[in-house]
Protein chains: 2
Amino acid sequence: MRLSELSEESGVSTATIKYYLREGLLPPGHRVHATRASYDASHLRRLRLVRALIQVGKIPVATAREILAAVDDDSLGLTMRLGAALWALPRPPAGPAEEDEAAREAAAEVDRMLTEVGWERVRELGSLSPVHRSLVASVATLRRLGHVCDATELVPYARQMAEVAAHDLDLMERYPREVEQVESAVAAAVLYEPVLLDLHRLAQEEESQRRYGLAAREGGGTEAEPAP
Amino acid sequence: MRLSELSEESGVSTATIKYYLREGLLPPGHRVHATRASYDASHLRRLRLVRALIQVGKIPVATAREILAAVDDDSLGLTMRLGAALWALPRPPAGPAEEDEAAREAAAEVDRMLTEVGWERVRELGSLSPVHRSLVASVATLRRLGHVCDATELVPYARQMAEVAAHDLDLMERYPREVEQVESAVAAAVLYEPVLLDLHRLAQEEESQRRYGLAAREGGGTEAEPAP
């Protein structure tokens with residue numbers, strides 16, 4: 001298809017598409033003659049991913065380029081290709097990366113949790129993974145604020161997330177080619193994580209209505225003084 | 001304890017504590033005489049929550065005040081008290097709230113998902129809940145970008161999150177008083193959600209190493225041309 005058709009099909013303006021082409025976020029079309037290039041389904045797919053990264057994920061262009069380079073690097077095995085693409089995604093800062101007692105304890109608790117749930121592979125990789133580092137930093141922040149956050153607390157959540165992750169990869173494997181699989185994993189990380197958090201909060205609302213009802217307390221304001 | 005002891009115990013400077021007191025984020029101490037007030041365990045607990053909201057959650061002071069008002073409102077039933085506190089938390093924008101075809105379809109799919117998983121209570125509340133609105137907006141964004149995101153996709157994730165939420169409330173119920181329960185739920189929403197997302201990513205890393213190994217592909221770069 002022509003650039004104008006790619007624009008129509010994707011809902012992205014031709015000016016924006018040209019900008020993505022210039023920035024190397026979208027591979028050039030197949031040259032038909034000197035002034036015309038042709039685009040195919042792979043361009044449409046990539047355009048969708050670029051919009052997810054830039055418009056929804058608010059990811060800087062340079063970072064998006066880095067992520068897409070990993071998506072396209074088919075010299076890597078699938079695990080490393082996924083890892084490189086997902087590791088390049090910006091993460092919210094988990095608080096200062098201090099080397100204090102809380103950080104050391106957090107690293108030990110995360111390690112203990114990984115052993116308990118049997119995640120030997122990421123345990124071996126350890127702090128080489130930015131996700132591992134981010135988790136340790138989050139746990140350290142919790143502990144610095146005086147919250148209980150140890151292996152025992154983490155294990156049930158890790159087990160739940162293992163089931164979610166297995167389902168993620170099942171969905172990913174519906175795509176026939178690896179490049180599409182990695183594209184879908186990156187889009188999922190950017191677009192589905194907010195959905196996951198919303199589902200989590202909505203589940204809390206449902207569960208709390210089930211347990212505690214919705215009615216206002218009768219004779220409110222008496223709780224501040226516990227019975228002696 | 002005195003202000004200086006509260007500072008020592010919490011690791012928060014006296015200047016910051018005084019600022020929180022002035023802003024109404026921390027209730028005043030019990031006046032001992034004209035120039036001295038005394039603080040107790042409830043101040044220490046509240047101070048921890050305020051730091052979680054302001055320092056870690058980067059939540060504006062006015063919003064934090066609104067959240068804490070809901071935490072303290074014991075005229076509400078526990079469900080509404082939790083809801084009011086959690087609903088006041090800022091949510092990342094899920095994209096423009098357009099009233100287009102995608103938004104209508106998204107609302108219908110979320111409704112269908114809620115029916116399938118049996119979340120009748122939040123289904124009835126519907127778009128009164130900002131979490132419900134946020135979920136519909138996220139699903140609409142996915143659909144606008146051409147991704148499949150319907151009730152069938154959402155149901156397995158919703159079921160997982162129901163188990164996580166039940167576990168959340170079990171943990172919350174370990175606290176004896178409602179005000180502590182609501183405080184812990186707010187702290188968990190701010191501090192534990194990053195942990196949950198990190199565990200999710202780490203689970204993906206483990207699962208993808210299990211399925212695909214870690215090795216580089218032999219004779220890489222051959223994938224672009226699928227067999228005819």
# chains A, B, ... in the order shown; residues from 1 in each chain; ligands from 1

call {"tool": "interface_residues", "arguments": {"of": "chain A", "to": "chain B", "cutoff": "6 Å", "atoms": "only C-alpha atoms", "output": "ChimeraX atom specification"}}
result
/A:48,74-77,79,121-122,131,135,145,158,161-162,165,195,198-200,203-204,206,208-209,212,214-217,220-221

call {"tool": "write_last_selection", "arguments": {"atoms": "N, CA, C and O atoms", "output": "compact mmCIF listing (two decimals), in the first residue's frame"}}
result
# COMPACT_ATOMS: atom_id res chain seq x y z
N ARG A 48 1.59 0.31 14.83
CA ARG A 48 0.75 0.12 16.00
C ARG A 48 1.60 0.06 17.27
O ARG A 48 1.25 0.64 18.29
N ASP A 74 17.10 -10.77 15.33
CA ASP A 74 16.80 -12.21 15.32
C ASP A 74 18.05 -13.07 15.40
O ASP A 74 18.01 -14.27 15.17
N SER A 75 19.19 -12.46 15.77
CA SER A 75 20.37 -13.27 16.08
C SER A 75 20.31 -13.75 17.53
O SER A 75 21.03 -14.65 17.93
N LEU A 76 19.43 -13.13 18.32
CA LEU A 76 19.28 -13.53 19.72
C LEU A 76 18.30 -14.69 19.82
O LEU A 76 17.39 -14.81 19.01
N GLY A 77 18.46 -15.52 20.84
CA GLY A 77 17.42 -16.50 21.14
C GLY A 77 16.17 -15.77 21.61
O GLY A 77 16.24 -14.59 21.98
N THR A 79 14.38 -15.89 24.30
CA THR A 79 14.43 -15.40 25.68
C THR A 79 15.19 -14.08 25.77
O THR A 79 14.73 -13.12 26.37
N ARG A 121 16.15 -19.84 37.50
CA ARG A 121 16.79 -19.16 36.37
C ARG A 121 16.97 -17.67 36.62
O ARG A 121 18.05 -17.12 36.43
N VAL A 122 15.92 -17.00 37.08
CA VAL A 122 16.09 -15.57 37.37
C VAL A 122 16.91 -15.39 38.65
O VAL A 122 17.58 -14.36 38.80
N VAL A 131 14.82 -5.84 36.19
CA VAL A 131 13.56 -6.10 36.90
C VAL A 131 13.88 -6.60 38.31
O VAL A 131 13.23 -6.20 39.29
N LEU A 135 12.82 -4.76 41.75
CA LEU A 135 12.08 -5.44 42.82
C LEU A 135 12.80 -5.27 44.16
O LEU A 135 12.17 -4.94 45.17
N LEU A 145 10.28 2.09 55.20
CA LEU A 145 9.08 2.75 55.72
C LEU A 145 8.44 1.96 56.86
O LEU A 145 7.37 2.31 57.33
N ALA A 158 4.08 -14.06 44.14
CA ALA A 158 4.93 -14.59 43.06
C ALA A 158 4.26 -15.79 42.40
O ALA A 158 4.27 -15.92 41.17
N MET A 161 1.60 -14.57 40.07
CA MET A 161 2.17 -13.93 38.88
C MET A 161 2.77 -14.98 37.95
O MET A 161 2.81 -14.77 36.73
N ALA A 162 3.23 -16.10 38.50
CA ALA A 162 3.74 -17.18 37.65
C ALA A 162 2.62 -17.70 36.75
O ALA A 162 2.84 -17.97 35.56
N ALA A 165 1.95 -15.08 34.07
CA ALA A 165 3.02 -15.05 33.07
C ALA A 165 2.91 -16.24 32.11
O ALA A 165 3.16 -16.10 30.90
N VAL A 195 -4.07 -2.42 32.62
CA VAL A 195 -5.29 -3.24 32.70
C VAL A 195 -5.20 -4.19 33.89
O VAL A 195 -6.15 -4.34 34.66
N ASP A 198 -5.76 -2.28 37.06
CA ASP A 198 -7.18 -1.93 37.22
C ASP A 198 -7.99 -3.14 37.63
O ASP A 198 -8.88 -3.04 38.48
N LEU A 199 -7.69 -4.29 37.03
CA LEU A 199 -8.41 -5.52 37.40
C LEU A 199 -8.14 -5.87 38.86
O LEU A 199 -9.04 -6.31 39.59
N HIS A 200 -6.91 -5.64 39.30
CA HIS A 200 -6.55 -5.89 40.69
C HIS A 200 -7.38 -5.02 41.64
O HIS A 200 -7.98 -5.49 42.59
N ALA A 203 -11.01 -6.04 41.58
CA ALA A 203 -11.19 -7.27 42.35
C ALA A 203 -11.23 -6.96 43.84
O ALA A 203 -12.02 -7.55 44.58
N GLN A 204 -10.42 -6.00 44.28
CA GLN A 204 -10.46 -5.59 45.68
C GLN A 204 -11.81 -4.99 46.04
O GLN A 204 -12.36 -5.24 47.11
N GLU A 206 -14.72 -5.61 44.59
CA GLU A 206 -15.71 -6.68 44.64
C GLU A 206 -15.58 -7.46 45.95
O GLU A 206 -16.55 -7.70 46.66
N SER A 208 -14.19 -6.59 48.76
CA SER A 208 -14.49 -5.86 49.99
C SER A 208 -16.00 -5.65 50.14
O SER A 208 -16.52 -5.70 51.26
N GLN A 209 -16.72 -5.49 49.02
CA GLN A 209 -18.19 -5.44 49.13
C GLN A 209 -18.75 -6.77 49.60
O GLN A 209 -19.69 -6.82 50.37
N TYR A 212 -17.67 -6.96 53.48
CA TYR A 212 -18.08 -5.95 54.45
C TYR A 212 -19.37 -5.24 54.06
O TYR A 212 -19.81 -4.35 54.77
N LEU A 214 -21.96 -2.80 51.68
CA LEU A 214 -21.79 -1.46 51.13
C LEU A 214 -22.40 -0.41 52.05
O LEU A 214 -22.19 0.79 51.89
N ALA A 215 -23.15 -0.86 53.05
CA ALA A 215 -23.93 0.07 53.88
C ALA A 215 -23.02 0.94 54.75
O ALA A 215 -21.92 0.54 55.12
N ALA A 216 -23.52 2.14 55.06
CA ALA A 216 -22.83 3.01 56.01
C ALA A 216 -22.98 2.39 57.40
O ALA A 216 -23.92 1.65 57.66
N ARG A 217 -21.99 2.67 58.24
CA ARG A 217 -22.03 2.15 59.59
C ARG A 217 -23.17 2.80 60.37
O ARG A 217 -23.40 4.00 60.29
N GLY A 220 -22.08 5.80 63.44
CA GLY A 220 -20.67 5.96 63.08
C GLY A 220 -19.92 6.80 64.10
O GLY A 220 -20.51 7.48 64.94
N GLY A 221 -18.62 6.73 64.01
CA GLY A 221 -17.78 7.60 64.83
C GLY A 221 -17.49 7.03 66.20
O GLY A 221 -17.02 7.72 67.08

call {"tool": "residues_around", "arguments": {"residues": "Leu68 in chain A", "least_positions_apart": "3", "cutoff": "9 Å", "atoms": "only C-alpha atoms", "output": "PyMOL selection string"}}
result
chain A and resi 25+50+63-65+71-73+85+183

call {"tool": "write_last_selection", "arguments": {"atoms": "N, CA, C and O atoms", "output": "short mmCIF file (atom, residue, chain, number, x, y, z; two decimals), in the first residue's frame"}}
result
data_model
loop_
_atom_site.label_atom_id
_atom_site.label_comp_id
_atom_site.auth_asym_id
_atom_site.auth_seq_id
_atom_site.Cartn_x
_atom_site.Cartn_y
_atom_site.Cartn_z
N LEU A 25 12.09 4.62 13.46
CA LEU A 25 11.20 3.80 14.28
C LEU A 25 10.39 2.86 13.40
O LEU A 25 9.88 1.85 13.85
N VAL A 50 4.69 1.27 17.64
CA VAL A 50 5.33 2.57 17.88
C VAL A 50 4.35 3.52 18.56
O VAL A 50 4.70 4.22 19.52
N THR A 63 14.62 5.79 23.40
CA THR A 63 14.35 4.52 24.09
C THR A 63 13.54 3.59 23.21
O THR A 63 13.80 2.39 23.15
N ALA A 64 12.55 4.15 22.51
CA ALA A 64 11.73 3.34 21.62
C ALA A 64 12.60 2.70 20.54
O ALA A 64 12.43 1.52 20.20
N ARG A 65 13.59 3.46 20.03
CA ARG A 65 14.48 2.94 19.00
C ARG A 65 15.28 1.75 19.54
O ARG A 65 15.47 0.74 18.87
N VAL A 71 13.70 -5.90 19.42
CA VAL A 71 12.59 -6.63 18.80
C VAL A 71 13.05 -7.24 17.47
O VAL A 71 12.70 -8.37 17.13
N ASP A 72 13.87 -6.48 16.73
CA ASP A 72 14.27 -6.90 15.38
C ASP A 72 15.51 -7.79 15.35
O ASP A 72 15.87 -8.31 14.30
N ASP A 73 16.18 -7.96 16.50
CA ASP A 73 17.46 -8.67 16.50
C ASP A 73 17.23 -10.17 16.52
O ASP A 73 17.22 -10.80 17.57
N ALA A 85 14.25 -6.49 24.85
CA ALA A 85 13.18 -5.54 24.53
C ALA A 85 12.49 -5.05 25.80
O ALA A 85 12.26 -3.85 25.98
N GLU A 183 7.04 -8.36 19.45
CA GLU A 183 6.22 -7.14 19.35
C GLU A 183 5.02 -7.21 20.29
O GLU A 183 4.70 -6.25 20.99
#

call {"tool": "select_by_dssp", "arguments": {"residues": "range 33-69 of chain B", "states": "alpha helix (DSSP H)", "output": "list of chain:residue names"}}
result
B:Ala41, B:Ser42, B:His43, B:Leu44, B:Arg45, B:Arg46, B:Leu47, B:Arg48, B:Leu49, B:Val50, B:Arg51, B:Val61, B:Ala62, B:Thr63, B:Ala64, B:Arg65, B:Glu66, B:Ile67, B:Leu68, B:Ala69

call {"tool": "atom_distance", "arguments": {"atom1": "CA of Glu66 in chain B", "atom2": "CA of His30 in chain B"}}
result
23.0 Å

call {"tool": "residues_around", "arguments": {"residues": "range 35-43 of chain A", "least_positions_apart": "2", "cutoff": "8 Å", "atoms": "only C-alpha atoms", "output": "list of chain:residue names"}}
result
A:Met1, A:Arg2, A:Leu3, A:Leu6, A:Leu26, A:Pro27, A:Pro28, A:Gly29, A:His30, A:Arg31, A:Val32, A:His33, A:Arg45, A:Arg46, A:Leu47

call {"tool": "write_last_selection", "arguments": {"atoms": "N, CA and C atoms", "output": "mmCIF file, in the first residue's frame"}}
result
data_model
loop_
_atom_site.group_PDB
_atom_site.id
_atom_site.type_symbol
_atom_site.label_atom_id
_atom_site.label_comp_id
_atom_site.auth_asym_id
_atom_site.auth_seq_id
_atom_site.Cartn_x
_atom_site.Cartn_y
_atom_site.Cartn_z
ATOM 1 N N MET A 1 0.844 -1.214 0.000
ATOM 2 C CA MET A 1 0.000 0.000 0.000
ATOM 3 C C MET A 1 0.871 1.252 0.000
ATOM 4 N N ARG A 2 0.277 2.354 -0.415
ATOM 5 C CA ARG A 2 0.991 3.630 -0.408
ATOM 6 C C ARG A 2 1.000 4.228 1.008
ATOM 7 N N LEU A 3 1.825 5.266 1.163
ATOM 8 C CA LEU A 3 1.891 5.953 2.459
ATOM 9 C C LEU A 3 0.505 6.460 2.870
ATOM 10 N N LEU A 6 -1.475 3.593 4.155
ATOM 11 C CA LEU A 6 -0.976 3.199 5.478
ATOM 12 C C LEU A 6 -1.542 4.149 6.544
ATOM 13 N N LEU A 26 10.290 3.233 12.125
ATOM 14 C CA LEU A 26 9.538 2.444 11.157
ATOM 15 C C LEU A 26 10.498 2.150 10.008
ATOM 16 N N PRO A 27 10.632 0.878 9.603
ATOM 17 C CA PRO A 27 11.563 0.575 8.506
ATOM 18 C C PRO A 27 11.048 1.184 7.196
ATOM 19 N N PRO A 28 11.980 1.575 6.307
ATOM 20 C CA PRO A 28 11.544 2.191 5.041
ATOM 21 C C PRO A 28 10.661 1.232 4.246
ATOM 22 N N GLY A 29 9.802 1.803 3.406
ATOM 23 C CA GLY A 29 8.966 0.973 2.540
ATOM 24 C C GLY A 29 9.810 0.342 1.427
ATOM 25 N N HIS A 30 9.210 -0.569 0.705
ATOM 26 C CA HIS A 30 9.889 -1.172 -0.446
ATOM 27 C C HIS A 30 9.786 -0.179 -1.602
ATOM 28 N N ARG A 31 10.960 0.225 -2.147
ATOM 29 C CA ARG A 31 10.957 1.270 -3.164
ATOM 30 C C ARG A 31 10.335 0.722 -4.462
ATOM 31 N N VAL A 32 9.304 1.365 -4.935
ATOM 32 C CA VAL A 32 8.641 0.956 -6.173
ATOM 33 C C VAL A 32 9.251 1.699 -7.358
ATOM 34 N N HIS A 33 9.329 3.043 -7.273
ATOM 35 C CA HIS A 33 10.231 3.797 -8.143
ATOM 36 C C HIS A 33 10.759 5.000 -7.389
ATOM 37 N N ARG A 45 1.721 -3.189 11.425
ATOM 38 C CA ARG A 45 1.903 -3.796 12.744
ATOM 39 C C ARG A 45 2.904 -2.980 13.566
ATOM 40 N N ARG A 46 4.030 -2.623 12.926
ATOM 41 C CA ARG A 46 5.068 -1.872 13.619
ATOM 42 C C ARG A 46 4.572 -0.486 14.023
ATOM 43 N N LEU A 47 3.777 0.109 13.153
ATOM 44 C CA LEU A 47 3.214 1.427 13.430
ATOM 45 C C LEU A 47 2.348 1.385 14.688
#

call {"tool": "atom_distance", "arguments": {"atom1": "CA of Pro90 in chain A", "atom2": "CA of Leu53 in chain A"}}
result
10.5 Å

call {"tool": "atom_distance", "arguments": {"atom1": "CA of Ala84 in chain B", "atom2": "CA of Ala70 in chain B"}}
result
5.7 Å
